[in-house]
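**Q** Structure provided below as structure tokens; questions to follow.
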Amino acid sequence: MGKEVKGQAKVGVAVEKLWKALAVEPSSVLPRAVPNLIKSVEVLEGDGGLDTIMIFHFGPDLPPSMAYQKEKIVEYNEAERQIGLEVIEGGRLVHGFNSYTTFFKLAGIGDGETLVDITVQYEKEGGEEVEEAALPSKTIESTLLFLKYLEEYILKKSGD
């Protein structure tokens, strides 16, 4: 049975703008917003919705073992602003995980603010409890940092 860790962030950007950056235009926005983390995002299959397969090429701030990660969109609900990305190759899977999926749920909480709920669901064989819990927790931490950088980028771009 899988395990999960959760996190939450308040982002000072309207929910529509954040959803567009994360779910609608990730290949054009993310490499510009966080170039040290994400070098490029390519859509390999699909139209950006459910079952779309993308490859993320990571930047210099990540270790060589995390050079890339192929992900499949396993949940996509524009009305509820929910997206789930399952790692299907590379990235987290090279650390011995059988499955690794990150879910985002965005909710507008006022003028120009969004609450982001993050859930990482994962499975790993073996009894490596300390390491097993550490990597998903690091995913939450790095996702919170990523959202901060994305917020700064969107706000700067809006001010242009």
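We name chains A, B, ... following the order of the structure tokens; residues begin at 1 in each chain, and ligands are numbered from 1 as shown.
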Would you mind writing down, as a PyMOL selection string, each residue of stretch 2-154 of chain A that DSSP on the backbone assigns to helix (DSSP H, G or I)?
**A** chain A and resi 15-24+26-33+64-66+91-95+129-154
**Q** Determine, using only C-alpha atoms, which residues of stretch 22-95 of chain A have any atom at most 10 Å from an atom of stretch 147-157 of chain A, and tabulate each with its shortest atom pair and distance in Å to one decimal place, rows ordered by chain and then rising number, as JSON lines.
**A**
```
{"residue": "A:Leu22", "atom": "CA", "partner": "A:Leu150", "partner_atom": "CA", "distance": 9.0}
{"residue": "A:Val29", "atom": "CA", "partner": "A:Leu150", "partner_atom": "CA", "distance": 8.8}
{"residue": "A:Leu30", "atom": "CA", "partner": "A:Leu150", "partner_atom": "CA", "distance": 7.6}
{"residue": "A:Arg32", "atom": "CA", "partner": "A:Tyr153", "partner_atom": "CA", "distance": 8.2}
{"residue": "A:Ala33", "atom": "CA", "partner": "A:Tyr153", "partner_atom": "CA", "distance": 5.4}
{"residue": "A:Val34", "atom": "CA", "partner": "A:Tyr149", "partner_atom": "CA", "distance": 6.5}
```
**Q** Within 6 Å of stretch 43-50 of chain A, counting only C-alpha atoms, which residues show up once you throw out same-chain ones fewer than 4 positions away? Write them as a PDB file with C-alpha atoms, in the first residue's frame, please.
**A**
```
ATOM      1  CA  MET A  54       6.086  15.170 -20.710  1.00  0.00           C
ATOM      2  CA  ILE A  73      -0.667  13.511 -16.264  1.00  0.00           C
ATOM      3  CA  VAL A  74      -2.872  11.082 -14.335  1.00  0.00           C
ATOM      4  CA  TYR A  76      -6.488  16.787 -14.834  1.00  0.00           C
TER       5      TYR A  76
END
```
**Q** Can you list, as an mmCIF file with N, CA and C atoms, in the first residue's frame, every protein, DNA or RNA residue that comes within 8 Å of stretch 5-21 of chain A when you count only C-alpha atoms, leaving out same-chain residues fewer than 5 positions away?
**A**
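The file below, result33.cif, is the result:
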```cif
data_model
loop_
_atom_site.group_PDB
_atom_site.id
_atom_site.type_symbol
_atom_site.label_atom_id
_atom_site.label_comp_id
_atom_site.auth_asym_id
_atom_site.auth_seq_id
_atom_site.Cartn_x
_atom_site.Cartn_y
_atom_site.Cartn_z
ATOM 1 N N PRO A 26 3.080 24.737 -19.105
ATOM 2 C CA PRO A 26 4.308 24.456 -18.352
ATOM 3 C C PRO A 26 5.574 24.467 -19.214
ATOM 4 N N VAL A 29 6.471 28.288 -19.663
ATOM 5 C CA VAL A 29 6.617 29.110 -18.458
ATOM 6 C C VAL A 29 7.691 28.581 -17.509
ATOM 7 N N LEU A 30 7.673 27.294 -17.200
ATOM 8 C CA LEU A 30 8.541 26.773 -16.144
ATOM 9 C C LEU A 30 10.039 26.961 -16.404
ATOM 10 N N ARG A 81 -9.329 22.723 -10.710
ATOM 11 C CA ARG A 81 -7.906 23.114 -10.734
ATOM 12 C C ARG A 81 -7.037 22.105 -9.974
ATOM 13 N N LEU A 106 -5.345 23.689 -6.573
ATOM 14 C CA LEU A 106 -5.284 25.130 -6.429
ATOM 15 C C LEU A 106 -6.657 25.679 -6.072
ATOM 16 N N ALA A 107 -6.693 26.614 -5.141
ATOM 17 C CA ALA A 107 -7.948 27.243 -4.753
ATOM 18 C C ALA A 107 -7.719 28.732 -4.542
ATOM 19 N N GLY A 108 -8.520 29.551 -5.221
ATOM 20 C CA GLY A 108 -8.439 30.990 -5.019
ATOM 21 C C GLY A 108 -8.938 31.332 -3.624
ATOM 22 N N ASP A 111 -8.494 38.098 -3.604
ATOM 23 C CA ASP A 111 -7.934 38.809 -4.754
ATOM 24 C C ASP A 111 -6.445 38.560 -4.858
ATOM 25 N N GLY A 112 -6.050 37.880 -5.899
ATOM 26 C CA GLY A 112 -4.637 37.688 -6.152
ATOM 27 C C GLY A 112 -3.932 36.730 -5.215
ATOM 28 N N GLU A 113 -4.654 35.798 -4.605
ATOM 29 C CA GLU A 113 -4.013 34.793 -3.747
ATOM 30 C C GLU A 113 -4.570 33.409 -4.052
ATOM 31 N N THR A 114 -3.682 32.420 -3.956
ATOM 32 C CA THR A 114 -4.055 31.039 -4.224
ATOM 33 C C THR A 114 -3.493 30.150 -3.128
ATOM 34 N N LEU A 115 -4.309 29.225 -2.672
ATOM 35 C CA LEU A 115 -3.861 28.201 -1.735
ATOM 36 C C LEU A 115 -3.565 26.944 -2.553
ATOM 37 N N VAL A 116 -2.358 26.410 -2.398
ATOM 38 C CA VAL A 116 -1.948 25.227 -3.152
ATOM 39 C C VAL A 116 -1.750 24.073 -2.178
ATOM 40 N N ASP A 117 -2.540 23.022 -2.349
ATOM 41 C CA ASP A 117 -2.360 21.792 -1.581
ATOM 42 C C ASP A 117 -1.537 20.841 -2.441
ATOM 43 N N ILE A 118 -0.480 20.287 -1.836
ATOM 44 C CA ILE A 118 0.423 19.379 -2.531
ATOM 45 C C ILE A 118 0.386 18.037 -1.809
ATOM 46 N N THR A 119 0.206 16.967 -2.563
ATOM 47 C CA THR A 119 0.245 15.621 -2.006
ATOM 48 C C THR A 119 1.192 14.780 -2.841
ATOM 49 N N VAL A 120 2.124 14.120 -2.181
ATOM 50 C CA VAL A 120 3.021 13.191 -2.852
ATOM 51 C C VAL A 120 2.635 11.790 -2.401
ATOM 52 N N GLN A 121 2.234 10.944 -3.342
ATOM 53 C CA GLN A 121 1.928 9.545 -3.055
ATOM 54 C C GLN A 121 3.043 8.703 -3.642
ATOM 55 N N PRO A 136 10.289 12.012 -0.302
ATOM 56 C CA PRO A 136 9.002 12.683 -0.509
ATOM 57 C C PRO A 136 8.896 13.997 0.277
ATOM 58 N N SER A 137 9.460 14.045 1.468
ATOM 59 C CA SER A 137 9.451 15.300 2.225
ATOM 60 C C SER A 137 10.272 16.360 1.515
ATOM 61 N N ILE A 140 8.236 17.897 -1.202
ATOM 62 C CA ILE A 140 7.342 18.944 -0.693
ATOM 63 C C ILE A 140 8.141 20.234 -0.508
ATOM 64 N N LEU A 144 7.574 23.705 -2.599
ATOM 65 C CA LEU A 144 7.241 24.981 -1.967
ATOM 66 C C LEU A 144 8.193 26.079 -2.443
ATOM 67 N N LEU A 147 7.297 26.959 -6.013
ATOM 68 C CA LEU A 147 6.110 27.823 -6.074
ATOM 69 C C LEU A 147 6.464 29.269 -5.743
ATOM 70 N N LYS A 148 7.406 29.465 -4.822
ATOM 71 C CA LYS A 148 7.857 30.818 -4.470
ATOM 72 C C LYS A 148 8.516 31.472 -5.679
ATOM 73 N N GLU A 151 5.870 32.241 -8.298
ATOM 74 C CA GLU A 151 5.120 33.428 -7.875
ATOM 75 C C GLU A 151 5.888 34.705 -8.249
ATOM 76 N N ILE A 154 5.795 35.251 -12.059
ATOM 77 C CA ILE A 154 4.478 35.698 -12.547
ATOM 78 C C ILE A 154 4.246 37.155 -12.169
ATOM 79 N N LEU A 155 4.581 37.512 -10.939
ATOM 80 C CA LEU A 155 4.385 38.893 -10.495
ATOM 81 C C LEU A 155 5.266 39.859 -11.289
#
```
**Q** Within 10 Å of A:Glu86, counting only C-alpha atoms, which residues qualify if same-chain residues fewer than 3 places away don't, as a list in words?
**A** Asp51, Ile53, Gln69, Lys70, Glu71, Lys72, Ile73, Val74, Glu75, Glu89, Ser99, Tyr100, Thr101, Thr102, Phe103, Val120, Gln121 and Tyr122 of chain A
**Q** Suppose we keep N, CA, C and O atoms; can you now write the selection as a PDB file, in the first residue's frame?
**A**
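What follows is the written file out-v4.pdb:
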```
ATOM      1  N   ASP A  51      -3.482  12.042 -19.487  1.00  0.00           N
ATOM      2  CA  ASP A  51      -2.643  11.071 -20.201  1.00  0.00           C
ATOM      3  C   ASP A  51      -1.523  11.691 -21.030  1.00  0.00           C
ATOM      4  O   ASP A  51      -0.818  10.978 -21.743  1.00  0.00           O
ATOM      5  N   ILE A  53       2.093  12.927 -21.791  1.00  0.00           N
ATOM      6  CA  ILE A  53       3.408  12.534 -21.284  1.00  0.00           C
ATOM      7  C   ILE A  53       4.394  13.648 -21.615  1.00  0.00           C
ATOM      8  O   ILE A  53       4.476  14.101 -22.766  1.00  0.00           O
ATOM      9  N   GLN A  69      13.198  13.699 -15.860  1.00  0.00           N
ATOM     10  CA  GLN A  69      12.097  12.930 -15.291  1.00  0.00           C
ATOM     11  C   GLN A  69      10.965  12.948 -16.309  1.00  0.00           C
ATOM     12  O   GLN A  69      10.554  14.009 -16.761  1.00  0.00           O
ATOM     13  N   LYS A  70      10.494  11.770 -16.688  1.00  0.00           N
ATOM     14  CA  LYS A  70       9.357  11.659 -17.601  1.00  0.00           C
ATOM     15  C   LYS A  70       8.111  11.489 -16.734  1.00  0.00           C
ATOM     16  O   LYS A  70       8.087  10.651 -15.826  1.00  0.00           O
ATOM     17  N   GLU A  71       7.094  12.304 -17.012  1.00  0.00           N
ATOM     18  CA  GLU A  71       5.881  12.290 -16.197  1.00  0.00           C
ATOM     19  C   GLU A  71       4.642  12.167 -17.066  1.00  0.00           C
ATOM     20  O   GLU A  71       4.615  12.651 -18.200  1.00  0.00           O
ATOM     21  N   LYS A  72       3.633  11.539 -16.493  1.00  0.00           N
ATOM     22  CA  LYS A  72       2.341  11.379 -17.165  1.00  0.00           C
ATOM     23  C   LYS A  72       1.282  12.088 -16.324  1.00  0.00           C
ATOM     24  O   LYS A  72       1.250  11.938 -15.098  1.00  0.00           O
ATOM     25  N   ILE A  73       0.428  12.854 -16.971  1.00  0.00           N
ATOM     26  CA  ILE A  73      -0.667  13.511 -16.264  1.00  0.00           C
ATOM     27  C   ILE A  73      -1.740  12.461 -15.998  1.00  0.00           C
ATOM     28  O   ILE A  73      -2.349  11.940 -16.929  1.00  0.00           O
ATOM     29  N   VAL A  74      -1.926  12.124 -14.722  1.00  0.00           N
ATOM     30  CA  VAL A  74      -2.872  11.082 -14.335  1.00  0.00           C
ATOM     31  C   VAL A  74      -4.154  11.661 -13.739  1.00  0.00           C
ATOM     32  O   VAL A  74      -5.121  10.933 -13.509  1.00  0.00           O
ATOM     33  N   GLU A  75      -4.132  12.949 -13.481  1.00  0.00           N
ATOM     34  CA  GLU A  75      -5.344  13.651 -13.039  1.00  0.00           C
ATOM     35  C   GLU A  75      -5.293  15.042 -13.656  1.00  0.00           C
ATOM     36  O   GLU A  75      -4.262  15.713 -13.616  1.00  0.00           O
ATOM     37  N   GLU A  89       9.476   7.561 -15.608  1.00  0.00           N
ATOM     38  CA  GLU A  89      10.858   7.206 -15.963  1.00  0.00           C
ATOM     39  C   GLU A  89      11.801   8.261 -15.387  1.00  0.00           C
ATOM     40  O   GLU A  89      11.492   9.449 -15.361  1.00  0.00           O
ATOM     41  N   SER A  99       6.532   3.716  -7.454  1.00  0.00           N
ATOM     42  CA  SER A  99       5.629   4.731  -7.994  1.00  0.00           C
ATOM     43  C   SER A  99       5.848   6.023  -7.225  1.00  0.00           C
ATOM     44  O   SER A  99       6.240   6.007  -6.053  1.00  0.00           O
ATOM     45  N   TYR A 100       5.593   7.136  -7.924  1.00  0.00           N
ATOM     46  CA  TYR A 100       5.836   8.448  -7.327  1.00  0.00           C
ATOM     47  C   TYR A 100       4.957   9.453  -8.066  1.00  0.00           C
ATOM     48  O   TYR A 100       5.174   9.719  -9.249  1.00  0.00           O
ATOM     49  N   THR A 101       3.926   9.959  -7.396  1.00  0.00           N
ATOM     50  CA  THR A 101       2.970  10.859  -8.035  1.00  0.00           C
ATOM     51  C   THR A 101       2.781  12.094  -7.165  1.00  0.00           C
ATOM     52  O   THR A 101       2.594  11.977  -5.950  1.00  0.00           O
ATOM     53  N   THR A 102       2.817  13.256  -7.798  1.00  0.00           N
ATOM     54  CA  THR A 102       2.604  14.516  -7.085  1.00  0.00           C
ATOM     55  C   THR A 102       1.310  15.138  -7.593  1.00  0.00           C
ATOM     56  O   THR A 102       1.099  15.267  -8.804  1.00  0.00           O
ATOM     57  N   PHE A 103       0.451  15.512  -6.641  1.00  0.00           N
ATOM     58  CA  PHE A 103      -0.834  16.123  -6.952  1.00  0.00           C
ATOM     59  C   PHE A 103      -0.847  17.571  -6.474  1.00  0.00           C
ATOM     60  O   PHE A 103      -0.357  17.864  -5.376  1.00  0.00           O
ATOM     61  N   VAL A 120       2.124  14.120  -2.181  1.00  0.00           N
ATOM     62  CA  VAL A 120       3.021  13.191  -2.852  1.00  0.00           C
ATOM     63  C   VAL A 120       2.635  11.790  -2.401  1.00  0.00           C
ATOM     64  O   VAL A 120       2.669  11.484  -1.205  1.00  0.00           O
ATOM     65  N   GLN A 121       2.234  10.944  -3.342  1.00  0.00           N
ATOM     66  CA  GLN A 121       1.928   9.545  -3.055  1.00  0.00           C
ATOM     67  C   GLN A 121       3.043   8.703  -3.642  1.00  0.00           C
ATOM     68  O   GLN A 121       3.468   8.945  -4.770  1.00  0.00           O
ATOM     69  N   TYR A 122       3.506   7.726  -2.854  1.00  0.00           N
ATOM     70  CA  TYR A 122       4.653   6.946  -3.312  1.00  0.00           C
ATOM     71  C   TYR A 122       4.615   5.535  -2.737  1.00  0.00           C
ATOM     72  O   TYR A 122       3.961   5.277  -1.729  1.00  0.00           O
TER      73      TYR A 122
END
```
**Q** Among stretch 23-90 of chain A, which ones does DSSP assign to strand (DSSP E) (computed from the backbone)? Answer as a VMD selection string.
**A** chain A and resid 38 to 45 53 to 58 68 to 77 82 to 90
**Q** Using only C-alpha atoms, which residues sit within 8 Å of stretch 38-42 of chain A once same-chain residues fewer than 6 positions away are excluded, as a ChimeraX atom specification?
**A** /A:26-28,30-31,54-59
**Q** Output N, CA, C and O atoms for every residue in that selection, as a short mmCIF file (atom, residue, chain, number, x, y, z; two decimals), in the first residue's frame.
**A**
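Saved to again28.cif:
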```
data_model
loop_
_atom_site.label_atom_id
_atom_site.label_comp_id
_atom_site.auth_asym_id
_atom_site.auth_seq_id
_atom_site.Cartn_x
_atom_site.Cartn_y
_atom_site.Cartn_z
N PRO A 26 3.08 24.74 -19.10
CA PRO A 26 4.31 24.46 -18.35
C PRO A 26 5.57 24.47 -19.21
O PRO A 26 6.64 24.88 -18.75
N SER A 27 5.46 24.05 -20.47
CA SER A 27 6.67 23.96 -21.30
C SER A 27 7.24 25.33 -21.63
O SER A 27 8.45 25.47 -21.82
N SER A 28 6.41 26.36 -21.69
CA SER A 28 6.93 27.69 -22.00
C SER A 28 7.22 28.50 -20.74
O SER A 28 8.15 29.30 -20.71
N LEU A 30 7.67 27.29 -17.20
CA LEU A 30 8.54 26.77 -16.14
C LEU A 30 10.04 26.96 -16.40
O LEU A 30 10.75 27.38 -15.49
N PRO A 31 10.55 26.69 -17.61
CA PRO A 31 11.98 26.91 -17.82
C PRO A 31 12.40 28.38 -17.66
O PRO A 31 13.52 28.67 -17.27
N MET A 54 5.11 14.10 -20.57
CA MET A 54 6.09 15.17 -20.71
C MET A 54 7.42 14.71 -20.16
O MET A 54 7.47 13.84 -19.28
N ILE A 55 8.49 15.32 -20.65
CA ILE A 55 9.80 15.06 -20.09
C ILE A 55 10.36 16.40 -19.58
O ILE A 55 10.34 17.40 -20.29
N PHE A 56 10.77 16.38 -18.31
CA PHE A 56 11.37 17.54 -17.68
C PHE A 56 12.88 17.32 -17.65
O PHE A 56 13.35 16.32 -17.09
N HIS A 57 13.62 18.22 -18.25
CA HIS A 57 15.08 18.19 -18.18
C HIS A 57 15.46 19.18 -17.09
O HIS A 57 15.11 20.37 -17.18
N PHE A 58 16.14 18.69 -16.05
CA PHE A 58 16.42 19.53 -14.90
C PHE A 58 17.69 20.33 -15.06
O PHE A 58 18.60 19.95 -15.79
N GLY A 59 17.74 21.43 -14.34
CA GLY A 59 18.86 22.36 -14.41
C GLY A 59 19.98 22.02 -13.46
O GLY A 59 19.95 21.00 -12.77
#
```
**Q** Distance atom CA of A:Pro63-atom CA of A:Lys105, one decimal place?
**A** 27.7 Å
**Q** Tell me, in Å to one decimal, how far atom CA of A:Val94 is from atom CA of A:Gln82.
**A**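 So the two atoms, atom CA of A:Val94 and atom CA of A:Gln82, lie 26.4 Å apart.
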